Every structure is written in structure tokens, then in C-alpha cells.
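**Student:** Just dropping this structure here.
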There are 2 protein chains.
Amino acid sequence: MFSFSVTATDKQTGARRGRLVTGHGAVETPTFMPVGTRGSVKGVLPSALRATGAEMILANTYHLFLRPGAEVVEQLGGLHEFMGWDGPILTDSGGFQVFSLSELNRINEDEVEFASHIDGAKVRLSPAIATAVQNKLGADIIMAFDECVKLPSTRERVRLAVDRTIRWAAQCLEAHKNEHQLMFGIVQGGTDRELREYCSEKLVELGFGGYAIGGLSVGESHDEMIETVGYTVPMLPADKPHYLMGVGTPRDLVAAIGAGIDMFDCVMPTRNGRNATAFTRQGKMKLRNEQYKLQKEPLDAECDCYTCKNFSRGYLRHLFQVGEMLGPMLLSLHNLHFYQWLMNEARLAIDENRYGSWSSRWLADD
Amino acid sequence: MFSFSVTATDKQTGARRGRLVTGHGAVETPTFMPVGTRGSVKGVLPSALRATGAEMILANTYHLFLRPGAEVVEQLGGLHEFMGWDGPILTDSGGFQVFSLSELNRINEDEVEFASHIDGAKVRLSPAIATAVQNKLGADIIMAFDECVKLPSTRERVRLAVDRTIRWAAQCLEAHKNEHQLMFGIVQGGTDRELREYCSEKLVELGFGGYAIGGLSVGESHDEMIETVGYTVPMLPADKPHYLMGVGTPRDLVAAIGAGIDMFDCVMPTRNGRNATAFTRQGKMKLRNEQYKLQKEPLDAECDCYTCKNFSRGYLRHLFQVGEMLGPMLLSLHNLHFYQWLMNEARLAIDENRYGSWSSRWLADD
């Protein structure tokens with residue numbers, strides 16, 4: 001059911017083109033997955049999302065576990081049917097949200113107990129539970145439950161998380177019961193090369209369908225992140241997909257692709273869209289600015305998204321000024337389209353063995 | 001540029017089929033206009049709005065006058081280009097909003113001074129200003145500036161508003177400078193037959209491109225409203241469109257069509273949609289109810305809208321429970337589609353001379 005093949009490799013960078021096949025279709029890599037946190041990519045109809053060029057999307061185990069619950073999603077036909085997305089879906093493990101959103105009550109070798117960020121209710125999550133929940137949700141790719149620490153942290157703290165992540169990874173593999181789902185392991189280790197190496201080695205020994213780099217974009221600089229990605233990717237099997245979780249800006253993506261990353265997810269296009277910030281070929285635009293008030297031109301003259309084909313900057317600014325939902329909707333749509341366009345350009349550049357020169361423009365951006 | 005023709009009349013009721021032609025296309029009547037208050041039908045992309053079957057939409061002069069201002073809309077190409085809607089548009093006069101939303105400071109024979117509901121700023125509106133603003137906005141159909149009173153009101157109060165509405169109507173016609181726009185007059189008079197007759201007579205003497213019945217759906221019962229519509233329509237020229245402003249429920253629409261109304265606008269489909277209430281062939285559904293939690297079926301099995309074709313009641317309930325924007329988006333879309341379906345069914349019934357029997361089911365509804 002699953003396969004991953006690298007179809008081209010850029011000669012001067014680590015960038016690679018590939019194709020990931022799942023039970024719900026194939027994905028051209030490098031790929032960017034829009035985030036559908038609670039079973040919806042915020043403000044975007046699935047048909048419009050498809051039209052942006054998105055092939056695979058992500059949903060959050062933690063959020064769906066709390067509401068409506070995995071059983072409800074399962075009884076409503078599983079995540080694909082539930083959210084009206086018939087393409088590939090990936091669910092994260094919940095680890096990142098448990099450690100970033102909720103108040104931790106207790107953490108031990110077996111499980112985490114935390115207070116729900118919604119109502120403070122005590123909830124437990126463990127490798128076995130996170131896996132069972134993801135089995136019920138029914139995404140194509142599921143993630144091993146990991147511990148993610150904020151940066152900076154002490155080396156001891158990061159090491160503790162790495163040890164726990166490795167132990168939990170084994171438990172997740174053991175608990176995983178659904179052959180229609182491919183499980184990825186998550187490499188932790190902060191910005192510590194030895195810890196990343198240790199974690200990678202142990203996870204590769206366990207044997208996963210793909211490998212994610214977690215624990216980045218959690219407080220470190222762009223350069224630290226890319227350096228970490230740069231030395232971690234070669235520690236991972238070349239014949240498996242490499243996924244950089246929760247990243248990032250166009251510059252982050254372009255740099256990470258150059259280091260050999262195949263998959264990304266990030267809330268940036270939608271979150272920025274809701275906050276009136278557009279990504280364009282000319283950089284970011286803050287649509288509330290007075291300067292756009294009378295501008296008849298589209299956000300980005302080269303963009304062929306629905307928003308740019310139909311609306312002026314002045315209208316978009318008006319929508320945000322008066323608080324109309326259509327503003328966030330149109331800007332999220334544009335930003336998602338922009339991210340997919342960027343991935344498509346990156347794929348073309350790799351196919352044509354010119355990734356280094358293509359990427360330089362984006363790497364100079366802030 | 002403009003024409004209106006009645007193409008069929010139901011033998012047993014006052015219902016009639018017609019066709020209203022504008023510079024931005026034709027509209028089959030009876031027609032329902034979705035409301036794009038501030039230049040956007042809330043939560044609906046224009047392309048999706050078109051797909052519901054909507055032909056003409058309404059925008060609010062009062063709201064656009066305050067923000068972004070008529071000059072801004074004009075400089076951004078006029079309302080059609082501004083909001084990305086190339087079909088016919090109607091703007092109301094602002095009268096209803098001035099008298100319902102804002103705090104009135106002063107009203108005299110020439111103008112109204114009120115405090116903006118946004119920031120309390122003093123703003124003036126008059127027949128001449130309301131007409132000039134609508135000329136700049138550039139809708140296909142514009143409305144004479146009227147005074148709308150809440151019901152119940154004393155006869156003296158209603159009579160005062162009628163006198164003012166008649167005087168203002170003459171001033172609006174005189175101020176109207178744009179031959180690409182057809183101006184409608186608004187009949188006021190509450191639920192008082194004599195006042196409605198007096199107002200109709202005077203407006204018809206002035207001569208408008210169409211006639212609206214205003215001042216209803218402002219506190220009176222369904223029966224009072226329909227009775228008023230029933231005796232007012234025959235006071236209006238049969239060869240001009242009849243527009244019932246701000247109405248209403250499916251039952252209101254069906255009853256008013258039976259009395260000879262051709263045009264409607266109302267925020268109900270979108271406002272109810274945002275508040276988790278769906279209109280269906282089986283009546284209203286409140287989607288937050290626990291009973292829908294595990295229901296896999298669509299809102300309305302007979303509906304072929306995007307929402308019903310792709311999503312379960314359980315998913316829609318989930319979206320509202322967690323506060324995802326997609327809930328209001330999908331339910332607004334369905335409700336608008338439902339209203340357009342209802343209008344289409346009504347038109348078919350009139351064409352086939354069976355409006356009486358067709359309408360009975362809806363008239364029994366609450």
C-alpha cells in the first residue's frame with residue numbers, strides 16, 4: 001500500500017524529489033501539508049483547499065482526542081470521511097500539544113497526565129493510547145508519541161526527553177495495529193548533535209516507515225534550526241521520507257529542502273492569513289496598513305489563486321477593517337496557494353538540477 | 001438597459017413569474033437576494049454564492065457609507081468590482097439602519113443626523129446624500145431614502161414617517177443622476193391600510209422603476225405582515241417589480257409570493273447559519289444539539305448543496321462545538337442554497353399554475 005521513492009537528487013544541495021504513495025493517493029515531495037487542527041483547515045472549504053494544490057493535510061491527535069473524541073470520528077467514518085478530505089492525511093502524535101498547550105500534572109515512564117486546555121479536565125496520554133487514538137482516527141500516516149522540550153533547555157532535560165522518546169517509540173510500534181497506516185518515528189534532541197545522533201540511531205534500529213525531526217521551531221534561531229536539520233538528515237535512512245515538523249516560513253522551508261527534507265506542516269499560512277498578513281513573491285504584506293486602502297491591484301500580480309484573480313488589496317483591507325470573515329478566508333486561501341506554489345517551484349528546480357540557484361533568492365529573505 | 005416583464009401569473013393566488021433585466025444580467029423572479037451588508041455575504045466566497053443559485057445580491061448603503069466610504073468603493077471600481085460580484089446588485093437606502101442601528105441626534109425635513117454605531121461619530125444622511133452615495137457605489141438598483149418606524153407605533157408617528165418618506169422620495173428622484181441605476185420607491189405606513197394607500201398613491205405619482213414595501217418585519221406578527229402585503233401589492237403598478245424588504249422565513253416568503261411579491265432580501269440564511277441553525281425540507285435544525293453527535297447523514301438528504309454532498313450532521317455539530325469558522329461557512333452555504341431552491345420551486349409552481357397547492361405545505365410551517 002505504501003511506497004516512497006526518490007526520483008531526483010539535486011547535485012549541489014541535499015534537495016531531493018520524491019513520491020510518497022498512500023492508500024488515499026500519491027504525494028509529490030517536497031510537500032507542504034496545511035494544518036487541519038480540529039478536523040478543519042481553518043476558514044477553507046476542502047474543495048478550495050484542493051484547488052490550492054494541497055495533496056496531503058495534517059490533523060492534530062491531541063485536539064481531536066479531546067473533542068469530539070476518537071470514537072466519534074471513528075463512528076462518523078474516520079477522519080477522511082469526517083472532514084471531507086479524500087486525499088492523504090497525517091495525524092501528529094499529540095506529544096507537541098501535550099507539552100506546549102496543557103498543564104502537565106504528571107509524567108512518568110508509561111504516560112503523561114495533563115489538564116485539558118479546554119476545561120482543565122484530567123486526561124492521560126501514553127504511547128499506547130496515542131497510537132490507539134490515531135488508529136481510530138484513521139489517517140494514512142501516524143506519528144509515534146514523543147516528548148518535545150522547549151529550547152533552550154539544559155542538556156540533561158533534553159537527554160531525558162530523548163530517552164523517553166526512544167522508549168515510547170518502541171511502545172508505539174508495538175501498539176500499532178492498523179496496517180493501512182504507516183507510522184513515522186520522531187527524532188528529538190534539541191540542537192545537540194550527539195543527542196540527535198543517538199536518537200536517530202535508536203529509532204532507525206526500531207525501524208519506522210518514515211522519520212520526522214521534531215523539537216525544532218520551538219525557540220531556536222533559523223540558523224540553529226537549519227544547522228540541526230543539516231546534520232540530522234544524513235543520520236536518517238535515505239530511502240525513507242524525512243519530515244520536519246511544524247516548520248515554517250518560506251525561507252525555513254527552502255533551506256530545509258536543501259538539507260534533504262521531504263515533508264512539512266505549519267499553521268503559518270492560515271494563522272497569518274487570519275491575522276491579515278499575506279505571503280507574496282515580494283515578501284510579507286500587512287493588509288491592515290493604510291497604504292493599501294485605495295490599491296486596485298491584487299495581493300500578488302503573479303499569483304493565480306482565487307483571491308488574486310478576483311479581489312483588490314483595497315477590498316481585502318476593507319474586509320479586515322470591518323471584521324468580515326471573508327478577509328481571513330481569502331487571505332488563508334492565498335497564503336496556502338502561495339505555499340503550494342513555492343513547493344511546486346522547489347520541485348521543478350530539483351527536477352532540473354538548479355535548486356541551489358533557485359533557492360538563493362528565498363534564503364536571502366528574512 | 002432595464003426591463004421587467006411578468007411572464008406567468010398563477011390563477012388562484014396573486015403569485016407571478018417575471019424577469020428583471022439589468023445592466024449586469026437578468027434575474028428570474030420571484031427572487032431572493034442574499035445580503036452582503038458590508039460588501040460581503042458573510043462567510044461565503046462569491047463563487048460559492050453563485051453556485052447556490054443566487055442571481056442578485058444586496059449591499060447596505062449605511063454600512064458602506066460609514067466604512068470604507070462611497071468614495072473608496074468608487075475608486076476601487078464600484079461595488080461589482082469591489083466585492084467580486086458581476087451579477088446584479090441592489091443597495092438599500094440606509095433608512096432602515098439609520099433608524100434601527102444608530103442613535104438619532106436630530107431629524108428634520110431635510111436630513112437625519114445620527115451617531116455612528118461604530119464610534120459614535122456624528123454623521124448626516126439625507127435624500128440627496130443617500131442617493132449620491134448609492135450613485136457612487138454603483139449598484140444596479142438603488143432605493144429612495146425612507147423613514148422606517150418600529151411596530152407598534154402610534155398612527156401619528158407612522159403618518160409622520162409616511163409624509164417624510166413621500167417628501168424624501170421626490171428629493172431622491174431629483175437627486176438621482178446615474179442612468180445605469182434603476183431607483184425604487186419604498187412604501188411605508190406600518191400596518192395601517194389607509195396610510196399604505198396614501199403612500200403608494202403618492203409614490204406611484206412620482207413614478208419609480210419598482211416599488212418596495214418597507215417597514216415590515218419590524219415587530220408585527222406574520223399574519224399582520226401578510227395582511228399588509230396582501231392589500232398593499234394591488235396599490236402598486238402591476239408592470240413594475242414588487243419588493244418586500246428584509247423578509248423573512250420560508251413561510252413568510254411563500255406567503256408573500258402568493259400576494260404578488262417578486263423580490264426579497266434577508267439576513268436569515270446567513271445569520272442562522274452562523275448560529276448553527278439550518279433550514280431544511282424537514283424544518284429547522286439546531287446543530288449544537290447532542291442528538292446530531294453521531295449522525296452520519298447530511299443535513300438534508302434531498303439537498304444537493306456542497307455541504308450536504310460532503311459532510312455529516314455529526315461533523316457540522318463538531319465544528320460548532322469547537323468554534324471552527326468552517327461551521328458557519330458550511331451552514332450559511334446550505335441555508336442560502338435552501339432559499340434559492342425554495343425560490344426555484346416557487347417559480348416552477350407558478351409556471352405550472354399550481355402555486356396554491358405547492359405553497360400550502362410551507363404556509364402550515366411555523
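Identifiers in this document derive from the order of the C-alpha cells: chains are assigned A, B, ..., residues are numbered from 1 separately in each chain, and ligands are numbered from 1 in order of occurrence.
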Using only C-alpha atoms, select each residue of chain B with any atom at most 8 Å away from an atom of chain A, and give the selection as a PDB file with C-alpha atoms, in the first residue's frame.
**Tutor:**
```pdb
ATOM      1  CA  ARG B  38     -20.572  45.452   4.270  1.00  0.00           C
ATOM      2  CA  SER B  40     -19.500  40.610   1.640  1.00  0.00           C
ATOM      3  CA  LYS B  42     -20.780  36.789   5.443  1.00  0.00           C
ATOM      4  CA  GLY B  43     -18.628  33.693   5.240  1.00  0.00           C
ATOM      5  CA  VAL B  44     -19.328  32.900   1.589  1.00  0.00           C
ATOM      6  CA  LEU B  45     -16.958  33.207  -1.370  1.00  0.00           C
ATOM      7  CA  ARG B  67     -16.805  52.078   6.098  1.00  0.00           C
ATOM      8  CA  PRO B  68     -14.967  52.211   3.768  1.00  0.00           C
ATOM      9  CA  VAL B  72     -13.285  54.349  -1.620  1.00  0.00           C
ATOM     10  CA  GLN B  75     -12.172  54.439  -6.606  1.00  0.00           C
ATOM     11  CA  LEU B  76     -11.818  50.674  -6.298  1.00  0.00           C
ATOM     12  CA  GLY B  77     -14.052  50.305  -9.354  1.00  0.00           C
ATOM     13  CA  GLU B  81     -15.608  45.050  -8.931  1.00  0.00           C
ATOM     14  CA  PHE B  82     -15.056  45.849  -5.241  1.00  0.00           C
ATOM     15  CA  MET B  83     -16.811  42.729  -3.989  1.00  0.00           C
ATOM     16  CA  GLY B  84     -16.122  40.458  -6.945  1.00  0.00           C
ATOM     17  CA  LYS B 293     -23.349  13.986  17.530  1.00  0.00           C
ATOM     18  CA  LEU B 294     -23.101  10.606  15.819  1.00  0.00           C
ATOM     19  CA  GLN B 295     -25.364  11.170  12.817  1.00  0.00           C
ATOM     20  CA  LYS B 296     -23.617  10.340   9.555  1.00  0.00           C
ATOM     21  CA  ASN B 310     -19.838  16.269   1.594  1.00  0.00           C
ATOM     22  CA  PHE B 311     -20.461  16.449   5.327  1.00  0.00           C
ATOM     23  CA  SER B 312     -22.366  14.697   8.083  1.00  0.00           C
ATOM     24  CA  GLY B 314     -22.014  14.928  13.279  1.00  0.00           C
ATOM     25  CA  TYR B 315     -19.132  16.774  11.642  1.00  0.00           C
ATOM     26  CA  HIS B 318     -18.347  19.181  15.921  1.00  0.00           C
ATOM     27  CA  LEU B 319     -17.346  22.334  14.011  1.00  0.00           C
ATOM     28  CA  VAL B 322     -15.162  23.644  18.861  1.00  0.00           C
ATOM     29  CA  GLU B 324     -14.317  26.363  13.817  1.00  0.00           C
ATOM     30  CA  MET B 325     -15.152  29.011  11.142  1.00  0.00           C
ATOM     31  CA  LEU B 326     -15.977  26.217   8.741  1.00  0.00           C
ATOM     32  CA  MET B 329     -19.326  28.798   6.382  1.00  0.00           C
TER      33      MET B 329
END
```
**Student:** What's around Asn105 (chain B) at 12 Å? Count only C-alpha atoms, leave out sequence neighbours fewer than 2 positions away in its own chain, and write the answer as a ChimeraX atom specification.
**Tutor:** /B:98-99,102-103,107-108,111-116,120-125
**Student:** For CA of Ala130 (chain A) and CA of Arg106 (chain A), quote the distance in Å rounded to one decimal.
**Tutor:** 16.5 Å
**Student:** Which of these, A:Thr61, A:Thr165, A:Ser221, A:Thr9, has the shortest distance to Val133 (chain A) once you count only C-alpha atoms?
**Tutor:**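 Among A:Thr61, A:Thr165, A:Ser221, A:Thr9, it is A:Thr61 that comes nearest to Val133 (chain A).
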**Student:** State, in Å with one decimal place, the distance from CA of His24 (chain A) to CA of Gly78 (chain A).
**Tutor:**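 CA of Gly78 (chain A) lies 12.9 Å from CA of His24 (chain A).
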**Student:** For a test of reading the model, state the distance in Å between CA of Phe96 (chain A) and CA of Cys148 (chain A), rounded to one decimal.
**Tutor:**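 Here the two named atoms are 5.6 Å from each other.
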**Student:** So which residues of region 113-319 of chain A fall under alpha helix (DSSP H) by DSSP, listed as a ChimeraX atom specification?
**Tutor:** /A:127-137,155-175,193-206,222-232,250-258,268-274,306-310,313-319
**Student:** Please provide the set of residues having any atom within 10 Å of Glu194 (chain A), restricted to only C-alpha atoms, with same-chain residues fewer than 6 positions apart removed, written as a list in words.
**Tutor:** Arg159, Ser200 and Thr232 of chain A
**Student:** I need the residues from that last selection saved to file as a CSV table (one decimal), in the first residue's frame (with C-alpha atoms), if you can.
**Tutor:**
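This went into again-v5.csv:
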```
chain,number,residue,atom,x,y,z
A,159,ARG,CA,18.5,13.9,27.2
A,200,SER,CA,18.2,8.7,15.2
A,232,THR,CA,20.3,15.2,11.4
```
**Student:** For Ala346 (chain B), which residue out of B:Met33, B:Val254, B:Leu236, B:Met285 is the nearest one, using only C-alpha atoms?
**Tutor:**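 When distances to Ala346 (chain B) are compared using only C-alpha atoms, the smallest one comes from B:Val254.
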**Student:** Please provide as a list in words all residues within 9 Å of Ser332 (chain A), with the sequence filter that same-chain residues fewer than 6 positions apart are discarded (counting only C-alpha atoms).
**Tutor:** Lys42, Gly43, Val44, Pro269, Thr270, Arg271, Asn272, Gly273, Arg274, Ala276 and Ala278 of chain A
**Student:** Give me the residues near Gly207 (chain A) as a list in words, where near means some atom within 12 Å (using only C-alpha atoms) and where sequence neighbours in that chain fewer than 5 positions away do not count.
**Tutor:** Ala144, Ile166, Ala169, Ala170, Cys172, Leu173, Glu174, Leu182, Met183, Phe184, Gly185, Ile186, Ser200, Glu201, Lys202, Leu236, Pro237 and Lys240 of chain A
**Student:** Might you pull out every residue within 12 Å of Pro241 (chain B), with only C-alpha atoms counted and same-chain residues fewer than 3 positions away left off, and present them as number ranges by chain?
**Tutor:** B: 2-6, 16-21, 27-31, 141, 182-186, 208-213, 233, 236-238, 244, 257, 260-264
**Student:** Hey, what's within 7 Å of Gly94 (chain B) if we count only C-alpha atoms and toss same-chain stuff fewer than 5 positions away? As a PyMOL selection string, please?
**Tutor:** chain B and resi 60-62+145
